[in-house]
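Below: the structure, in structure tokens.
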Amino acid sequence: MNIVVLVKQTFDTEEKIIVQGGTVSQDGVKLIVNPYDEYALEEALRLREKHGGTVTAITCGNEQSTEALRTALAMGADEAIRLEIEPGDDSASLAAAIAAVVQPLKPDLLLAGLFAVDTGSGSVALQVAERLGLPHASAVVKLEVNGSTLIADRDVEGDTATVEVPLPALVTAQQGLNEPRYPSLPGIMKAKRKPLRVVSRIELGPDAAAPATQRLSVETVPPRAAGKRLGGGTPAELAAQLAKLLHEEAKVL
Amino acid sequence: MSINCLVYAECKDGKLRRVALEALGAARQLAADSGAVHALLAGADSTALAEAAAELASRGAAVVHIADDAALRDGAPEAVQAAIAAAIAAARPDAVLLGHTALGREVAPRVAAAIGAGHAADVTAIVTTGDGGDVVFARPLYAGKAVERLRIAPGAPMVISVRPNNLPPAETLPAGAAPGAVSALAYSAPTLWTTVRSVVRKTTGAVDLAEADIIVSGGRGVRSSDGFAPLQELASLLGGAVGASRGACDAGYCDYALQIGQTGKVVTPQLYIACGISGAIQHLAGMSGSRVIVAVNKDPDAPIFGVADYGVVGDLFDIVPLLTGEFRRILGAS
Ligand SMILES: Cc1cc2nc3c(=O)[nH]c(=O)nc-3n(C[C@H](O)[C@H](O)[C@H](O)COP(=O)(O)OP(=O)(O)OC[C@H]3O[C@@H](n4cnc5c(N)ncnc54)[C@H](O)[C@@H]3O)c2cc1C
């Protein structure tokens, strides 16, 4: 099986967001592989272990995002491609560029995370699938490949739907799909010698598309302030006090 | 400038989802005085579709298109996408609106790519409409730690998926106003890629977590699956839903279906009652947009108190049943 995994480098989920001069500051921020993309990557490696083939990791990002690809290679991906990012890119322009890079690879399976924990749109991978005319199964928590079809358990707002989709297809990974491995030391050493290609956007030529949305501003959301702490009293008194406040002050009933 | 809108009005178990009415409200706002608001219903149960159509027509959809076909029964995304494509051909909208639900999340990007539109996903507010033709949407970044304003150029096609429970639902038209028209959509099912083999219902509550007004949520502090019983009782009394932290899910006290947070559901209820939840940042990412937050926790230093409007230091097994009793009394009296 020829598997392509879409990977994005994101902030660690514990990071504080600081906005400076209208953009999110990257200073001293710990960067990780988007957790959902790690599930996608792990699943690709497991499928390759079972069915043979190759795993190619693709990211669209700046020079620094090469680290995310090195992690993917250290986990076991065979090769990696970094597609340059342009200022003002949005889901539409990224999807067009990624589709142009993926198309000649003719993957049997395209894997991606359900969404990226920074921008949170969950839009790019599905736009790529649409551009390539591929079916998809999204929010997958269990995956099996059986000949030319895949059988997937999908998380549908908490319910589980089991679907069958013909290959080639896109699968987006939801938490629960697997437990991603850590890169091993030999894996990290080997990764340094694995092929990592950089593709400029100019090379894509006419397949590129302009962004269709524009970010005007980013603001941090002020953290919620602590409110009232109900003090003292027996549990019964506390419960009565709370019920009264919710009813009369917060008016939520 | 006026924006012509098409709303894909999603139904669940034959009933309009609330987020469908919220998307319709957003469409009416974008259309302002002169844009057309069309709605699309797609399903396979004629009676249910007719009822939903009447509701949409009474809330400001000028035309409700109905795609009624057996291919739409299972909710295969490509079947729904084809219905949206047919409605786009009929209504020629500038903007397509959907709920940012499981189905909306998979269909909206594909519709956007198919028609060459920009996709504003998980929208929580419409910031400006009309002015100079610009439309600006607010949407969360970094699991709610920041908000971006996203602009779509005047005249450009757009697909907007709206986060449930954030935008006001479309109001019923004033008495005497003529309701919209209902029209059968020419729909021919595409070749279906997806075969739905089975759907296992794990969400048992009558109230959908993402759309619930009140959520009573339990963490590792509930200690067992039985420990959720008092929370369920409180939620039932208030017409709310039960949620959970990942801690409780990981411990096997409840199904992952209930998980709230960065990797679970993002909820925005009127009232969120966190019981035995410490308040890890990944949990807060899923619920800090709630209007009122209550925390019940034994540990006075638990970080959840830092975001709670009302904090009670105490044992949840004492407090929650007593709170249920108090509410029962209040509700009975009013
Ligand atoms: C990438 C990533 C993603 C994650 N995504 C999520 C997510 O989506 N959602 C999520 O919730 N977590 C998520 N987590 C996990 C998160 O970091 C926490 O581990 C988790 O939220 C803790 O759950 P908890 O509060 O139930 O448990 P704990 O942190 O163990 O807290 C239990 C609390 O219960 C209190 N308690 C105990 N007994 C009682 C009692 N009888 N009465 C009252 N209080 C009592 C304790 O004082 C304590 O504060 C994620 C973590 C990572 C790394």
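Ligands are numbered from 1 in the order shown, chains are lettered A, B, ... in the order of the structure tokens, and residues start at 1 in each chain.
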I'd like the neighbourhood of Val221 of chain A as a PyMOL selection string, where a residue qualifies if any of its atoms comes within 9 Å (using only C-alpha atoms), though same-chain residues fewer than 3 positions away should be ignored.
(chain A and resi 224) or (chain B and resi 144-147)
Just the selected residues (C-alpha atoms), exported as a PDB file, in the first residue's frame, please.
```pdb
ATOM      1  CA  ARG A 224     -12.385  33.702  32.708  1.00  0.00           C
TER       2      ARG A 224
ATOM      3  CA  GLY B 144     -10.728  28.823  22.296  1.00  0.00           C
ATOM      4  CA  LYS B 145      -7.628  30.549  23.670  1.00  0.00           C
ATOM      5  CA  ALA B 146      -7.837  33.070  20.816  1.00  0.00           C
ATOM      6  CA  VAL B 147     -10.367  34.327  18.275  1.00  0.00           C
TER       7      VAL B 147
END
```
Write out as a compact mmCIF listing (two decimals) with all heavy atoms, in the first residue's frame every residue belonging to chain A that has an atom at most 6 Å from any atom of chain B, counting only C-alpha atoms.
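Done, and the output landed in part_0.txt:
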```txt
# COMPACT_ATOMS: atom_id res chain seq x y z
N VAL A 117 -5.02 21.32 16.05
CA VAL A 117 -5.42 21.95 17.31
C VAL A 117 -5.16 23.46 17.35
O VAL A 117 -5.58 24.12 18.27
CB VAL A 117 -4.75 21.26 18.53
CG1 VAL A 117 -5.20 19.82 18.66
CG2 VAL A 117 -3.23 21.35 18.44
N ASP A 118 -4.50 24.02 16.33
CA ASP A 118 -4.33 25.48 16.31
C ASP A 118 -5.50 26.17 15.60
O ASP A 118 -6.28 26.88 16.21
CB ASP A 118 -2.97 25.89 15.71
CG ASP A 118 -2.65 25.19 14.39
OD1 ASP A 118 -3.52 24.50 13.84
OD2 ASP A 118 -1.52 25.39 13.89
N THR A 119 -5.65 25.91 14.30
CA THR A 119 -6.72 26.60 13.57
C THR A 119 -8.08 25.93 13.72
O THR A 119 -9.11 26.58 13.60
CB THR A 119 -6.37 26.70 12.07
OG1 THR A 119 -5.84 25.45 11.65
CG2 THR A 119 -5.35 27.78 11.82
N SER A 121 -10.07 24.07 12.03
CA SER A 121 -11.13 24.04 11.02
C SER A 121 -11.47 22.63 10.54
O SER A 121 -12.61 22.34 10.19
CB SER A 121 -10.73 24.86 9.79
OG SER A 121 -10.69 26.21 10.10
N SER A 123 -10.62 21.42 7.73
CA SER A 123 -11.13 21.65 6.38
C SER A 123 -10.18 21.18 5.28
O SER A 123 -10.63 20.69 4.23
CB SER A 123 -11.43 23.15 6.21
OG SER A 123 -12.19 23.39 5.07
N LEU A 126 -10.23 17.39 3.77
CA LEU A 126 -11.44 17.08 3.02
C LEU A 126 -11.50 17.85 1.71
O LEU A 126 -12.01 17.35 0.70
CB LEU A 126 -12.68 17.35 3.88
CG LEU A 126 -12.89 16.26 4.94
CD1 LEU A 126 -13.58 16.81 6.17
CD2 LEU A 126 -13.67 15.10 4.35
N GLN A 127 -10.96 19.06 1.71
CA GLN A 127 -10.88 19.80 0.44
C GLN A 127 -9.93 19.10 -0.53
O GLN A 127 -10.17 19.07 -1.74
CB GLN A 127 -10.44 21.24 0.68
CG GLN A 127 -11.49 22.08 1.39
CD GLN A 127 -11.17 23.57 1.32
OE1 GLN A 127 -10.75 24.08 0.30
NE2 GLN A 127 -11.39 24.27 2.42
N GLU A 130 -11.79 16.23 -2.04
CA GLU A 130 -12.73 16.69 -3.06
C GLU A 130 -11.99 17.01 -4.36
O GLU A 130 -12.42 16.62 -5.44
CB GLU A 130 -13.48 17.94 -2.56
CG GLU A 130 -14.47 18.53 -3.55
CD GLU A 130 -15.66 17.63 -3.85
OE1 GLU A 130 -15.98 16.77 -3.00
OE2 GLU A 130 -16.27 17.76 -4.93
N VAL A 156 -19.42 9.44 15.44
CA VAL A 156 -20.40 10.41 14.96
C VAL A 156 -21.09 11.02 16.18
O VAL A 156 -22.07 10.48 16.69
CB VAL A 156 -21.44 9.76 14.02
CG1 VAL A 156 -22.39 10.81 13.46
CG2 VAL A 156 -20.74 9.02 12.89
N GLY A 158 -20.37 10.87 19.17
CA GLY A 158 -20.48 9.94 20.29
C GLY A 158 -21.03 8.58 19.89
O GLY A 158 -20.73 7.58 20.53
N ASP A 159 -21.85 8.52 18.85
CA ASP A 159 -22.31 7.23 18.35
C ASP A 159 -21.23 6.64 17.44
O ASP A 159 -20.36 7.37 16.96
CB ASP A 159 -23.61 7.38 17.56
CG ASP A 159 -24.75 7.88 18.45
OD1 ASP A 159 -24.70 7.62 19.67
OD2 ASP A 159 -25.66 8.54 17.93
N THR A 160 -21.29 5.34 17.20
CA THR A 160 -20.29 4.72 16.32
C THR A 160 -20.96 4.19 15.06
O THR A 160 -21.86 3.36 15.14
CB THR A 160 -19.58 3.56 17.04
OG1 THR A 160 -19.02 4.07 18.26
CG2 THR A 160 -18.46 2.99 16.18
N ALA A 161 -20.50 4.68 13.93
CA ALA A 161 -21.02 4.18 12.65
C ALA A 161 -19.92 3.37 11.98
O ALA A 161 -18.78 3.82 11.90
CB ALA A 161 -21.44 5.35 11.76
N THR A 162 -20.27 2.18 11.52
CA THR A 162 -19.30 1.37 10.77
C THR A 162 -19.61 1.53 9.29
O THR A 162 -20.73 1.30 8.86
CB THR A 162 -19.42 -0.11 11.19
OG1 THR A 162 -19.26 -0.19 12.61
CG2 THR A 162 -18.34 -0.96 10.52
N VAL A 163 -18.59 1.98 8.55
CA VAL A 163 -18.80 2.24 7.12
C VAL A 163 -17.77 1.50 6.28
O VAL A 163 -16.69 1.15 6.76
CB VAL A 163 -18.73 3.76 6.78
CG1 VAL A 163 -19.80 4.53 7.52
CG2 VAL A 163 -17.34 4.32 7.09
N GLU A 164 -18.15 1.28 5.04
CA GLU A 164 -17.25 0.68 4.06
C GLU A 164 -17.08 1.68 2.93
O GLU A 164 -18.06 2.23 2.45
CB GLU A 164 -17.94 -0.57 3.51
CG GLU A 164 -17.17 -1.84 3.70
CD GLU A 164 -17.93 -3.00 3.10
OE1 GLU A 164 -17.83 -3.21 1.88
OE2 GLU A 164 -18.63 -3.67 3.88
N VAL A 165 -15.83 1.90 2.53
CA VAL A 165 -15.54 2.88 1.49
C VAL A 165 -14.49 2.27 0.56
O VAL A 165 -13.53 1.65 1.03
CB VAL A 165 -15.01 4.20 2.12
CG1 VAL A 165 -14.55 5.17 1.06
CG2 VAL A 165 -16.06 4.86 3.00
N ALA A 212 -9.11 32.11 -0.33
CA ALA A 212 -10.46 32.64 -0.50
C ALA A 212 -10.95 33.35 0.76
O ALA A 212 -11.99 33.98 0.75
CB ALA A 212 -11.42 31.50 -0.85
N THR A 213 -10.16 33.23 1.84
CA THR A 213 -10.51 33.95 3.06
C THR A 213 -9.26 34.68 3.54
O THR A 213 -8.15 34.31 3.19
CB THR A 213 -10.98 32.99 4.18
OG1 THR A 213 -9.91 32.08 4.49
CG2 THR A 213 -12.19 32.19 3.78
N GLN A 214 -9.48 35.68 4.37
CA GLN A 214 -8.36 36.50 4.82
C GLN A 214 -8.49 36.75 6.31
O GLN A 214 -9.56 37.16 6.79
CB GLN A 214 -8.42 37.82 4.05
CG GLN A 214 -7.31 38.77 4.34
CD GLN A 214 -7.70 40.18 3.90
OE1 GLN A 214 -8.70 40.40 3.22
NE2 GLN A 214 -6.90 41.14 4.31
N ARG A 215 -7.41 36.49 7.05
CA ARG A 215 -7.44 36.75 8.49
C ARG A 215 -7.22 38.24 8.72
O ARG A 215 -6.19 38.77 8.35
CB ARG A 215 -6.37 35.94 9.21
CG ARG A 215 -6.35 36.19 10.69
CD ARG A 215 -5.25 35.42 11.39
NE ARG A 215 -5.56 33.99 11.46
CZ ARG A 215 -4.74 33.10 12.04
NH1 ARG A 215 -3.60 33.49 12.56
NH2 ARG A 215 -5.09 31.84 12.10
N LEU A 216 -8.21 38.89 9.35
CA LEU A 216 -8.07 40.32 9.61
C LEU A 216 -7.36 40.58 10.92
O LEU A 216 -6.59 41.52 11.05
CB LEU A 216 -9.45 40.98 9.66
CG LEU A 216 -10.23 41.06 8.35
CD1 LEU A 216 -11.55 41.79 8.60
CD2 LEU A 216 -9.44 41.78 7.28
N SER A 217 -7.63 39.75 11.92
CA SER A 217 -7.03 39.99 13.24
C SER A 217 -7.11 38.73 14.08
O SER A 217 -7.89 37.82 13.79
CB SER A 217 -7.77 41.11 13.96
OG SER A 217 -9.09 40.69 14.27
N VAL A 218 -6.26 38.68 15.08
CA VAL A 218 -6.33 37.63 16.10
C VAL A 218 -6.32 38.32 17.45
O VAL A 218 -5.55 39.25 17.66
CB VAL A 218 -5.10 36.70 16.09
CG1 VAL A 218 -5.36 35.47 16.94
CG2 VAL A 218 -4.69 36.32 14.71
N GLU A 219 -7.15 37.86 18.34
CA GLU A 219 -7.12 38.39 19.70
C GLU A 219 -7.15 37.23 20.65
O GLU A 219 -7.81 36.23 20.39
CB GLU A 219 -8.39 39.22 19.96
CG GLU A 219 -8.32 40.63 19.45
CD GLU A 219 -9.72 41.24 19.41
OE1 GLU A 219 -10.39 41.25 20.46
OE2 GLU A 219 -10.12 41.66 18.31
N THR A 220 -6.44 37.39 21.76
CA THR A 220 -6.54 36.35 22.77
C THR A 220 -7.85 36.53 23.52
O THR A 220 -8.37 37.64 23.62
CB THR A 220 -5.37 36.40 23.77
OG1 THR A 220 -5.26 37.74 24.24
CG2 THR A 220 -4.08 35.97 23.12
N VAL A 221 -8.38 35.44 24.00
CA VAL A 221 -9.60 35.51 24.77
C VAL A 221 -9.19 35.65 26.23
O VAL A 221 -8.43 34.82 26.73
CB VAL A 221 -10.43 34.22 24.57
CG1 VAL A 221 -11.64 34.20 25.49
CG2 VAL A 221 -10.85 34.11 23.11
N ARG A 224 -11.23 33.42 31.84
CA ARG A 224 -12.38 33.70 32.71
C ARG A 224 -11.89 34.00 34.11
O ARG A 224 -10.95 33.35 34.57
CB ARG A 224 -13.27 32.47 32.78
CG ARG A 224 -14.24 32.32 31.68
CD ARG A 224 -15.04 31.07 31.90
NE ARG A 224 -16.26 31.35 32.62
CZ ARG A 224 -17.46 31.32 32.05
NH1 ARG A 224 -17.58 31.05 30.79
NH2 ARG A 224 -18.54 31.55 32.77
N ALA A 225 -12.50 34.93 34.74
CA ALA A 225 -12.13 35.23 36.11
C ALA A 225 -12.92 34.31 37.04
O ALA A 225 -14.03 33.89 36.72
CB ALA A 225 -12.45 36.68 36.43
N ALA A 226 -12.30 34.00 38.18
CA ALA A 226 -13.01 33.21 39.17
C ALA A 226 -14.14 34.04 39.75
O ALA A 226 -14.02 35.25 39.89
CB ALA A 226 -12.06 32.77 40.27
N GLY A 227 -15.23 33.42 40.03
CA GLY A 227 -16.38 34.13 40.58
C GLY A 227 -16.47 33.96 42.08
O GLY A 227 -15.47 34.10 42.79
N LYS A 228 -17.65 33.60 42.54
CA LYS A 228 -17.88 33.46 43.98
C LYS A 228 -17.48 32.09 44.48
O LYS A 228 -17.83 31.09 43.85
CB LYS A 228 -19.37 33.64 44.27
CG LYS A 228 -19.81 35.05 44.20
CD LYS A 228 -21.26 35.18 44.69
CE LYS A 228 -21.68 36.63 44.53
NZ LYS A 228 -23.06 36.85 44.22
N ARG A 229 -16.83 32.06 45.60
CA ARG A 229 -16.58 30.80 46.28
C ARG A 229 -17.59 30.74 47.43
O ARG A 229 -17.63 31.63 48.26
CB ARG A 229 -15.15 30.81 46.83
CG ARG A 229 -14.71 29.51 47.47
CD ARG A 229 -14.39 28.46 46.43
NE ARG A 229 -13.22 28.80 45.59
CZ ARG A 229 -12.01 28.26 45.77
NH1 ARG A 229 -11.80 27.38 46.70
NH2 ARG A 229 -11.01 28.61 44.98
N LEU A 230 -18.43 29.73 47.41
CA LEU A 230 -19.42 29.63 48.48
C LEU A 230 -18.73 29.07 49.72
O LEU A 230 -18.16 27.98 49.68
CB LEU A 230 -20.59 28.73 48.09
CG LEU A 230 -21.23 29.01 46.73
CD1 LEU A 230 -22.56 28.31 46.61
CD2 LEU A 230 -21.41 30.51 46.49
N PRO A 235 -23.04 20.84 53.95
CA PRO A 235 -23.37 20.57 52.55
C PRO A 235 -24.79 21.03 52.20
O PRO A 235 -25.00 21.59 51.12
CB PRO A 235 -23.23 19.04 52.45
CG PRO A 235 -22.22 18.69 53.48
CD PRO A 235 -22.42 19.67 54.60
N ALA A 239 -25.62 23.70 49.26
CA ALA A 239 -26.48 23.35 48.13
C ALA A 239 -27.63 24.34 48.01
O ALA A 239 -27.97 24.79 46.91
CB ALA A 239 -27.01 21.92 48.28
```
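We find atom CA of Phe115 of chain A and atom CA of Phe11 of chain A to be spaced 13.5 Å apart.
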Distance query Leu109 of chain A at most 6 Å, only C-alpha atoms, self and fewer than 6 positions along chain excluded, as a PyMOL selection string:
chain A and resi 3+168-169
Residues within 7 Å of ligand 1 (only C-alpha atoms and all ligand atoms), as a PyMOL selection string?
(chain A and resi 13+35) or (chain B and resi 218-222+244-248+259-264+275-283+286+296-299+302+314-317)
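With only C-alpha atoms as the atoms that count, the residue of A:Ala191, A:Val252, A:Val33, A:Leu238 with the shortest distance to Ala68 of chain A is A:Val33.
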Mind checking DSSP for segment 37-66 of chain A and telling me the strand (DSSP E) residues as a ChimeraX atom specification?
/A:54-60
Go through segment 62-103 of chain A and collect every residue that DSSP, computed from the backbone, puts in alpha helix (DSSP H); the answer should be as a ChimeraX atom specification.
/A:66-75,91-102
Using only C-alpha atoms, pick whichever of B:Ser224, B:Gln29, B:Ser217, B:Ser46 has the shortest atom-to-atom distance to Tyr272 of chain B.
B:Ser217
